[in-house]
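Shown next: work23.txt, containing compact mmCIF, C-alpha atoms and all ligand atoms.
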```txt
# COMPACT_ATOMS: atom_id res chain seq x y z
CA MET I 22 -42.37 29.25 -20.09
CA SER I 23 -41.05 29.82 -16.59
CA THR I 24 -37.66 31.42 -16.05
CA LYS I 25 -34.78 29.47 -14.40
CA ALA I 26 -33.85 31.34 -11.27
CA VAL I 27 -32.19 31.21 -7.88
CA LEU I 28 -34.32 31.88 -4.81
CA ILE I 29 -32.79 33.43 -1.68
CA SER I 30 -34.94 33.57 1.45
CA GLY I 31 -33.83 35.89 4.25
CA ALA I 32 -32.09 37.84 1.50
CA ASN I 33 -31.80 41.00 3.56
CA GLY I 34 -29.98 39.21 6.38
CA GLU I 35 -26.25 38.99 7.00
CA ILE I 36 -25.47 36.04 4.73
CA GLY I 37 -27.94 37.22 2.08
CA HIS I 38 -26.16 40.55 1.62
CA GLY I 39 -22.82 39.01 0.75
CA LEU I 40 -24.30 36.09 -1.15
CA ILE I 41 -26.30 38.23 -3.57
CA THR I 42 -23.29 40.41 -4.31
CA ARG I 43 -21.01 37.42 -4.84
CA LEU I 44 -23.46 35.47 -7.00
CA LYS I 45 -23.92 38.44 -9.29
CA GLU I 46 -20.16 39.07 -9.49
CA ARG I 47 -19.54 35.46 -10.50
CA GLN I 48 -22.40 35.22 -12.96
CA PRO I 49 -23.74 38.57 -14.13
CA ASP I 50 -26.73 37.07 -15.98
CA ILE I 51 -27.96 35.09 -12.96
CA ILE I 52 -31.64 35.62 -12.13
CA ILE I 53 -31.97 36.19 -8.40
CA ILE I 54 -35.33 36.26 -6.66
CA ALA I 55 -34.85 37.75 -3.21
CA LEU I 56 -37.38 37.18 -0.46
CA ASP I 57 -37.38 38.76 2.99
CA VAL I 58 -39.87 39.93 5.61
CA HIS I 59 -38.19 43.32 5.51
CA PRO I 60 -37.79 45.44 2.38
CA ILE I 61 -34.55 44.56 0.58
CA GLU I 62 -31.92 47.28 0.75
CA LYS I 63 -31.63 49.51 -2.30
CA GLU I 64 -28.14 48.49 -3.40
CA LEU I 65 -29.08 44.80 -3.21
CA LYS I 66 -32.35 45.38 -5.00
CA ARG I 67 -30.66 46.42 -8.20
CA LEU I 68 -28.76 43.11 -8.29
CA CYS I 69 -32.00 41.11 -8.14
CA HIS I 70 -34.50 40.26 -10.85
CA GLU I 71 -37.38 40.51 -8.36
CA THR I 72 -37.50 41.32 -4.67
CA ILE I 73 -40.44 40.22 -2.57
CA VAL I 74 -41.36 41.45 0.88
CA GLY I 75 -43.03 38.39 2.29
CA ASP I 76 -43.11 35.70 4.95
CA ILE I 77 -41.95 32.13 4.32
CA LEU I 78 -45.04 31.06 6.27
CA ASP I 79 -47.26 32.58 3.57
CA THR I 80 -48.01 29.63 1.28
CA VAL I 81 -50.10 31.74 -1.11
CA MET I 82 -47.03 33.89 -1.81
CA ILE I 83 -44.93 30.73 -2.24
CA ASP I 84 -47.47 29.28 -4.70
CA ARG I 85 -47.25 32.49 -6.67
CA LEU I 86 -43.46 32.19 -6.81
CA ALA I 87 -43.80 28.60 -8.04
CA ALA I 88 -46.12 29.75 -10.82
CA PHE I 89 -43.67 32.34 -12.14
CA TYR I 90 -40.27 30.72 -11.76
CA ASP I 91 -38.44 27.42 -11.99
CA PHE I 92 -35.78 27.43 -9.32
CA SER I 93 -32.54 25.58 -9.97
CA THR I 94 -31.20 26.42 -6.50
CA ILE I 95 -32.80 27.66 -3.29
CA TYR I 96 -30.62 29.27 -0.63
CA HIS I 97 -32.88 29.14 2.39
CA LEU I 98 -31.29 31.65 4.74
CA ALA I 99 -34.34 33.01 6.62
CA ALA I 100 -34.25 32.10 10.32
CA ILE I 101 -34.87 33.36 13.84
CA LEU I 102 -31.50 33.17 15.61
CA SER I 103 -30.84 31.55 18.96
CA THR I 104 -31.38 34.37 21.47
CA LYS I 105 -34.61 35.57 19.86
CA ALA I 106 -35.87 31.99 19.51
CA GLU I 107 -35.35 31.50 23.29
CA ARG I 108 -37.48 34.58 23.93
CA GLU I 109 -40.12 33.54 21.40
CA PRO I 110 -39.86 29.74 21.11
CA VAL I 111 -43.11 29.22 19.22
CA LEU I 112 -42.24 31.93 16.70
CA GLY I 113 -38.77 30.38 16.39
CA HIS I 114 -40.27 26.99 15.65
CA ARG I 115 -42.77 28.39 13.16
CA VAL I 116 -40.20 30.30 11.14
CA ASN I 117 -37.29 27.88 11.47
CA VAL I 118 -39.21 24.64 10.99
CA ASP I 119 -42.54 25.39 9.27
CA GLY I 120 -40.86 27.96 7.03
CA THR I 121 -38.19 25.43 6.02
CA LEU I 122 -40.88 22.82 5.36
CA ASN I 123 -42.70 25.26 3.06
CA LEU I 124 -39.56 25.89 1.02
CA LEU I 125 -38.62 22.20 0.86
CA GLU I 126 -42.13 21.53 -0.46
CA LEU I 127 -41.65 24.26 -3.04
CA ALA I 128 -38.36 22.63 -4.10
CA ALA I 129 -39.92 19.16 -4.29
CA ARG I 130 -42.91 20.41 -6.24
CA GLN I 131 -40.73 22.23 -8.72
CA ALA I 132 -38.45 19.23 -9.14
CA ARG I 133 -41.48 17.08 -9.87
CA ALA I 134 -42.88 19.54 -12.39
CA THR I 135 -39.63 20.04 -14.31
CA GLY I 136 -38.12 16.58 -13.83
CA GLU I 137 -34.88 18.27 -12.76
CA GLN I 138 -33.22 18.34 -9.37
CA VAL I 139 -33.52 21.46 -7.26
CA LYS I 140 -30.54 22.18 -5.05
CA PHE I 141 -31.46 23.27 -1.53
CA LEU I 142 -28.66 25.01 0.41
CA PHE I 143 -29.33 25.19 4.14
CA PRO I 144 -27.27 27.01 6.77
CA SER I 145 -27.31 24.88 9.90
CA SER I 146 -25.30 25.79 12.97
CA ILE I 147 -23.02 24.78 15.83
CA ALA I 148 -26.22 25.20 17.88
CA VAL I 149 -27.19 21.62 16.89
CA TYR I 150 -24.60 20.47 19.42
CA GLY I 151 -25.29 20.37 23.13
CA LEU I 152 -22.44 19.72 25.57
CA PRO I 153 -23.46 19.33 29.20
CA ASP I 154 -20.85 21.61 30.79
CA VAL I 155 -17.62 23.54 30.19
CA ALA I 156 -15.38 20.72 31.42
CA THR I 157 -16.90 18.35 28.84
CA LYS I 158 -16.69 21.06 26.19
CA LEU I 159 -12.98 21.55 26.79
CA LYS I 160 -12.35 17.81 26.80
CA ALA I 161 -14.38 17.26 23.62
CA GLY I 162 -12.10 19.50 21.50
CA LYS I 163 -12.99 19.38 17.80
CA VAL I 164 -16.48 17.91 17.62
CA LYS I 165 -17.39 15.66 14.69
CA GLU I 166 -20.69 15.86 12.77
CA SER I 167 -22.15 12.85 14.58
CA ASP I 168 -21.17 13.77 18.17
CA TRP I 169 -23.04 15.58 20.93
CA LEU I 170 -26.27 16.06 18.99
CA GLN I 171 -28.46 17.02 21.94
CA PRO I 172 -29.21 20.70 21.26
CA ARG I 173 -30.31 22.81 24.19
CA THR I 174 -31.86 25.79 22.42
CA MET I 175 -35.06 26.09 20.38
CA TYR I 176 -32.92 27.31 17.46
CA GLY I 177 -30.56 24.34 17.76
CA VAL I 178 -33.47 21.90 17.96
CA ASN I 179 -35.04 23.55 14.90
CA LYS I 180 -31.82 23.41 12.86
CA ARG I 181 -31.16 19.80 13.84
CA TYR I 182 -34.69 18.75 12.90
CA CYS I 183 -34.47 20.58 9.57
CA GLU I 184 -31.27 18.70 8.74
CA GLU I 185 -33.35 15.53 9.10
CA LEU I 186 -36.23 17.05 7.12
CA GLY I 187 -33.68 17.76 4.39
CA ARG I 188 -32.55 14.13 4.52
CA TYR I 189 -36.16 13.03 4.14
CA TYR I 190 -36.76 15.26 1.11
CA ASP I 191 -33.43 14.21 -0.43
CA HIS I 192 -33.66 10.44 0.19
CA TYR I 193 -37.17 9.30 1.02
CA TYR I 194 -39.73 11.82 -0.23
CA ARG I 195 -43.07 10.11 -0.99
CA GLN I 196 -41.34 6.75 -0.83
CA ILE I 197 -44.52 4.69 -1.12
CA ASP I 198 -45.74 6.34 -4.33
CA PRO I 199 -46.07 3.66 -7.00
CA GLN I 200 -43.99 5.76 -9.44
CA PRO I 201 -40.74 7.29 -8.21
CA THR I 202 -40.81 11.08 -8.08
CA ALA I 203 -38.96 12.69 -10.97
CA GLY I 204 -36.31 15.27 -10.18
CA GLY I 205 -35.94 15.48 -6.46
CA VAL I 206 -34.39 17.74 -3.88
CA ASP I 207 -30.61 17.84 -3.59
CA PHE I 208 -30.24 18.96 0.04
CA ARG I 209 -26.85 20.31 1.21
CA ALA I 210 -26.22 21.85 4.61
CA ILE I 211 -23.35 23.56 6.39
CA ARG I 212 -23.13 23.83 10.17
CA PHE I 213 -21.75 27.33 10.46
CA PRO I 214 -19.72 28.56 13.43
CA GLY I 215 -20.17 32.17 14.60
CA LEU I 216 -19.95 34.49 11.60
CA ILE I 217 -18.27 37.89 11.58
CA SER I 218 -19.03 40.49 8.96
CA ALA I 219 -17.53 43.97 8.64
CA HIS I 220 -20.60 45.21 6.78
CA THR I 221 -23.58 43.98 8.80
CA LEU I 222 -24.42 43.08 12.38
CA PRO I 223 -26.25 39.91 13.40
CA THR I 224 -29.65 40.16 15.06
CA SER I 225 -30.33 38.23 18.25
CA GLY I 226 -27.83 35.41 18.03
CA THR I 227 -25.68 34.08 20.86
CA SER I 228 -22.33 34.26 19.07
CA ASP I 229 -22.99 37.97 18.47
CA TYR I 230 -20.52 39.14 21.14
CA GLY I 231 -17.64 38.62 18.67
CA PRO I 232 -18.91 40.84 15.86
CA GLU I 233 -20.56 43.28 18.30
CA MET I 234 -17.28 43.88 20.12
CA LEU I 235 -15.65 44.81 16.81
CA HIS I 236 -18.42 47.13 15.60
CA TYR I 237 -18.76 48.89 18.97
CA ALA I 238 -15.00 49.50 19.05
CA ALA I 239 -15.06 50.92 15.52
CA ARG I 240 -17.88 53.30 16.55
CA GLY I 241 -16.01 54.32 19.71
CA GLU I 242 -18.70 52.84 21.97
CA VAL I 243 -18.27 50.85 25.19
CA TYR I 244 -19.33 47.21 24.81
CA ASP I 245 -20.86 45.16 27.62
CA CYS I 246 -19.82 41.64 26.74
CA PHE I 247 -22.36 39.04 27.89
CA VAL I 248 -19.84 36.17 28.15
CA PRO I 249 -16.67 35.87 30.27
CA GLU I 250 -13.21 36.37 28.80
CA GLY I 251 -12.57 32.65 28.52
CA ALA I 252 -15.74 31.80 26.53
CA THR I 253 -14.59 30.05 23.36
CA LEU I 254 -16.38 29.23 20.11
CA PRO I 255 -15.36 28.56 16.52
CA PHE I 256 -15.80 31.53 14.18
CA MET I 257 -15.18 32.56 10.58
CA THR I 258 -15.53 35.62 8.38
CA MET I 259 -18.69 36.19 6.38
CA THR I 260 -16.54 36.17 3.25
CA ASP I 261 -15.46 32.60 3.94
CA ALA I 262 -19.02 31.58 4.86
CA ILE I 263 -20.30 32.74 1.48
CA GLU I 264 -17.49 31.04 -0.42
CA ALA I 265 -18.30 27.86 1.48
CA LEU I 266 -21.96 27.99 0.42
CA LEU I 267 -20.94 28.52 -3.20
CA SER I 268 -18.37 25.70 -3.10
CA LEU I 269 -20.81 23.24 -1.58
CA GLU I 270 -23.42 24.24 -4.15
CA ALA I 271 -20.96 23.57 -6.96
CA ALA I 272 -19.56 20.34 -5.51
CA ASP I 273 -19.84 17.13 -7.50
CA ALA I 274 -22.68 15.12 -5.90
CA ASN I 275 -20.72 11.89 -6.36
CA LYS I 276 -18.02 13.17 -4.05
CA LEU I 277 -20.41 14.03 -1.21
CA SER I 278 -20.90 11.29 1.35
CA GLN I 279 -22.91 13.49 3.74
CA LEU I 280 -25.77 15.98 3.57
CA VAL I 281 -24.45 18.06 6.46
CA TYR I 282 -20.90 19.36 7.01
CA ASN I 283 -19.04 21.17 9.78
CA ILE I 284 -16.80 24.06 8.81
CA ARG I 285 -14.68 26.50 10.85
CA ALA I 286 -11.79 28.93 10.43
CA PHE I 287 -10.55 29.64 13.98
CA SER I 288 -11.45 28.87 17.56
CA VAL I 289 -10.98 31.88 19.83
CA SER I 290 -11.99 33.20 23.24
CA ALA I 291 -13.79 36.47 23.93
CA LYS I 292 -10.46 37.75 25.32
CA ASP I 293 -8.70 36.89 22.05
CA PHE I 294 -11.27 39.10 20.30
CA TYR I 295 -10.72 41.90 22.77
CA ASP I 296 -6.90 41.75 22.56
CA THR I 297 -6.94 41.84 18.78
CA ILE I 298 -9.53 44.60 18.54
CA LYS I 299 -7.63 46.65 21.13
CA LYS I 300 -4.53 46.64 18.89
CA ALA I 301 -6.49 48.25 16.07
CA PHE I 302 -8.65 50.49 18.30
CA PRO I 303 -6.52 51.32 21.37
CA LEU I 304 -9.40 53.24 22.96
CA ALA I 305 -11.79 50.27 22.70
CA LYS I 306 -13.50 49.57 26.01
CA VAL I 307 -15.16 46.26 26.84
CA ASN I 308 -16.80 45.41 30.15
CA PHE I 309 -16.98 41.70 30.69
CA ALA I 310 -20.36 41.43 32.38
CA PRO I 311 -21.43 37.83 31.79
CA ASP I 312 -25.11 37.02 31.56
CA ALA I 313 -25.16 33.60 33.24
CA LEU I 314 -28.10 32.39 31.17
CA ARG I 315 -26.76 33.32 27.74
CA GLN I 316 -23.34 32.10 28.81
CA LYS I 317 -24.84 28.66 29.47
CA ILE I 318 -25.82 28.48 25.81
CA VAL I 319 -22.28 29.35 24.71
CA ASP I 320 -20.96 26.74 27.17
CA SER I 321 -23.13 24.09 25.48
CA TRP I 322 -21.74 24.83 22.01
CA PRO I 323 -18.42 23.25 21.03
CA ALA I 324 -15.17 25.20 21.37
CA ASP I 325 -14.24 23.88 17.95
CA VAL I 326 -15.50 21.53 15.25
CA ASP I 327 -13.81 18.95 13.03
CA ASP I 328 -14.20 20.10 9.43
CA SER I 329 -12.03 17.43 7.81
CA LEU I 330 -14.93 15.89 5.86
CA ALA I 331 -15.73 19.21 4.19
CA THR I 332 -12.06 19.64 3.28
CA ALA I 333 -11.74 16.12 1.91
CA GLU I 334 -14.99 15.99 -0.04
CA TRP I 335 -15.54 19.47 -1.45
CA GLY I 336 -12.25 21.22 -0.89
CA TRP I 337 -13.30 23.48 1.99
CA GLN I 338 -10.44 25.73 3.07
CA PRO I 339 -10.88 29.07 4.87
CA LYS I 340 -9.12 32.01 3.30
CA TYR I 341 -8.86 33.91 6.59
CA ASP I 342 -7.28 32.60 9.77
CA PHE I 343 -7.75 34.74 12.91
CA ARG I 344 -4.87 37.14 12.21
CA ARG I 345 -5.62 37.61 8.52
CA ALA I 346 -9.37 37.93 9.21
CA PHE I 347 -8.74 40.99 11.35
CA GLU I 348 -5.70 42.51 9.64
CA GLU I 349 -6.74 42.05 6.04
CA TYR I 350 -10.54 42.15 6.13
CA LEU I 351 -12.40 43.08 9.30
CA ILE I 352 -10.37 46.01 10.64
CA PRO I 353 -9.88 47.89 7.33
CA ALA I 354 -13.48 47.26 6.30
CA VAL I 355 -15.11 48.38 9.56
CA LYS I 356 -12.87 51.45 9.67
CA SER I 357 -14.02 52.49 6.24
CA ARG I 358 -17.64 51.60 7.04
CA TYR I 359 -17.79 53.94 10.03
CA ALA I 360 -15.63 56.65 8.44
CA LYS I 361 -18.40 57.31 5.93
N1 LIG O 1 -24.84 32.58 15.16
C1 LIG O 1 -25.98 31.82 15.55
C2 LIG O 1 -26.55 32.33 16.81
O1 LIG O 1 -25.78 32.82 17.60
C3 LIG O 1 -25.63 30.37 15.74
O2 LIG O 1 -25.58 29.77 14.50
O3 LIG O 1 -27.72 32.20 17.03
```

Translate the structure of the given file into structure tokens.
Amino acid sequence: MSTKAVLISGANGEIGHGLITRLKERQPDIIIIALDVHPIEKELKRLCHETIVGDILDTVMIDRLAAFYDFSTIYHLAAILSTKAEREPVLGHRVNVDGTLNLLELAARQARATGEQVKFLFPSSIAVYGLPDVATKLKAGKVKESDWLQPRTMYGVNKRYCEELGRYYDHYYRQIDPQPTAGGVDFRAIRFPGLISAHTLPTSGTSDYGPEMLHYAARGEVYDCFVPEGATLPFMTMTDAIEALLSLEAADANKLSQLVYNIRAFSVSAKDFYDTIKKAFPLAKVNFAPDALRQKIVDSWPADVDDSLATAEWGWQPKYDFRRAFEEYLIPAVKSRYAK
């Protein structure tokens, strides 16, 4: 008999860290299988039933996983973020698209074998949007799920395509088979804004200037900010991002009219970050030294998104607005992180 488990790919990444901790807190007997290309950190390892150092492109490893476990839910977090995917577009495509395909196939295969649905939670991104210039961005305001879907980065193209792959696996998988497939994949995606964690730093994303500014200030280091003061994106805390994934996972399928939802907590400029960080760390020093090419990517992402569908259909509500995020979570937590 296989064991019912939850699979987390990219488990050692920023979302993975918080998600594993939270899942275990909520349900101590949960069986978590954590997969990452890098060895899973020690304190996370003890929360997991099994940790695997492996690549989502390795189908032999995935077959082995399928033989040992029945997954009720897959959180597919592994990805190459936007800046790295611009430097290595083919690698970005392989990991972000082929890797997602491999895990969707695993979900579909398992659903067929057990006759039960497998939930597939997918973090998409504001990078799926592509606005032509800053003037249009400012005019567009809060962008809806169906607007401006012309991504300009490899990462954005990958995420957008995988949303459609998810729709295929959820709605149309093997649609010409004479017998309908039992089980099926229950695909649910969130388009995340920039995420800010007090405990980890992102690797090679384009919204990284927000969290980097905070961590550099806490370490007493000068930060060279690669966007101008006015650059504006939606953001949220990692805590809220994890709660959102858990809420969408738990949502009643009958209430969900979409497979993909926008969420956000606050829309702020790079200067707003600086001003707030400066209050907590008066010696913080930031040089605004925009990198015109990376800035163009930020300019193509919306300044804010409309998250009303997520609120109406599965009760999405951020716990932290901008002020509370810094005062009650980020500042105290980074201070204690770097005091150690
Ligand atoms: N934070 C991601 C990045 O900057 C976007 O989702 O690549």

Near-ligand residues for ligand LIG 1 (chain O), threshold 6 Å, all atoms listed in the file, as a list in words
Leu102, Ser103, Ser146, Ile147, Ala148, Gly215, Gly226, Thr227, Ser228 and Asp229 of chain I

Given the point (-40.5, 33.5, -10.3) in the coordinates of this file, which residues lie within 9 Å, counting only C-alpha atoms, and how would they look as a ChimeraX atom specification?
/I:23-28,54,71,85-92

Taking only C-alpha atoms into account, produce a table as JSON lines in which each residue of segment 279-322 of chain I with an atom at most 9 Å from an atom of segment 170-187 of chain I appears once, together with its shortest atom pair and the distance in Å to one decimal, ordered by chain and rising number.
```
{"residue": "I:Leu280", "atom": "CA", "partner": "I:Glu184", "partner_atom": "CA", "distance": 8.0}
{"residue": "I:Val281", "atom": "CA", "partner": "I:Glu184", "partner_atom": "CA", "distance": 7.2}
{"residue": "I:Ile318", "atom": "CA", "partner": "I:Arg173", "partner_atom": "CA", "distance": 7.4}
{"residue": "I:Ser321", "atom": "CA", "partner": "I:Arg173", "partner_atom": "CA", "distance": 7.4}
{"residue": "I:Trp322", "atom": "CA", "partner": "I:Pro172", "partner_atom": "CA", "distance": 8.6}
```

Which of these, I:Glu250, I:Asp342, I:Asp84, I:Asp207, has the shortest distance to Ala291 of chain I once you count all atoms listed in the file?
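So, comparing all the options, the nearest one is I:Glu250.
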
Between atom CA of Gly31 of chain I and atom CA of Leu65 of chain I, distance in Å (one decimal)
12.6 Å

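You will find atom CA of Ala156 of chain I at 11.0 Å from atom CA of Ala324 of chain I.
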
Give the answer as one residue: which of I:Leu235, I:Leu222, I:Ala313, I:Val206 has the shortest atom-to-atom distance to Gly136 of chain I, using all atoms listed in the file?
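Among I:Leu235, I:Leu222, I:Ala313, I:Val206, it is I:Val206 that comes nearest to Gly136 of chain I.
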
Find the residues near Thr94 of chain I: any atom within 12 Å, counting all atoms listed in the file, skip ones fewer than 2 places away on the same chain, and give them as an NGL selection string.
:I and (25-30 or 44 or 51-54 or 90-92 or 96-97 or 124-125 or 127-129 or 131-132 or 137-143 or 205-209 or 266-267 or 269-271)

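Separating atom CA of Ile211 of chain I from atom CA of Ile36 of chain I is a distance of 12.8 Å.
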
All residues 12 Å or closer to Glu233 of chain I, all atoms listed in the file, same chain fewer than 3 positions away omitted, as JSON, numbers by chain:
{"I": [215, 216, 217, 218, 219, 220, 221, 222, 223, 224, 225, 226, 227, 228, 229, 230, 236, 237, 238, 239, 240, 242, 243, 244, 245, 246, 247, 291, 294, 295, 298, 307, 355]}

Between I:Arg285, I:Lys66, I:His38, I:Arg133, smallest distance to Val326 of chain I by only C-alpha atoms belongs to I:Arg285

With distances taken over all atoms listed in the file, which of I:Lys300, I:Ala99, I:Glu46, I:Ser357 is nearest to Val116 of chain I?
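The shortest atom-to-atom distance to Val116 of chain I comes from I:Ala99.
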
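Considering all atoms listed in the file, the residue among I:Ala346, I:Leu40, I:Glu35, I:Arg188 positioned nearest to Ala100 of chain I is I:Glu35.
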
Compare I:Asp154, I:Asp168, I:Glu109, I:Asp296 by their minimum atom-to-atom distance to Arg344 of chain I, counting all atoms listed in the file, and give me the closest one.
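Among I:Asp154, I:Asp168, I:Glu109, I:Asp296, it is I:Asp296 that comes nearest to Arg344 of chain I.
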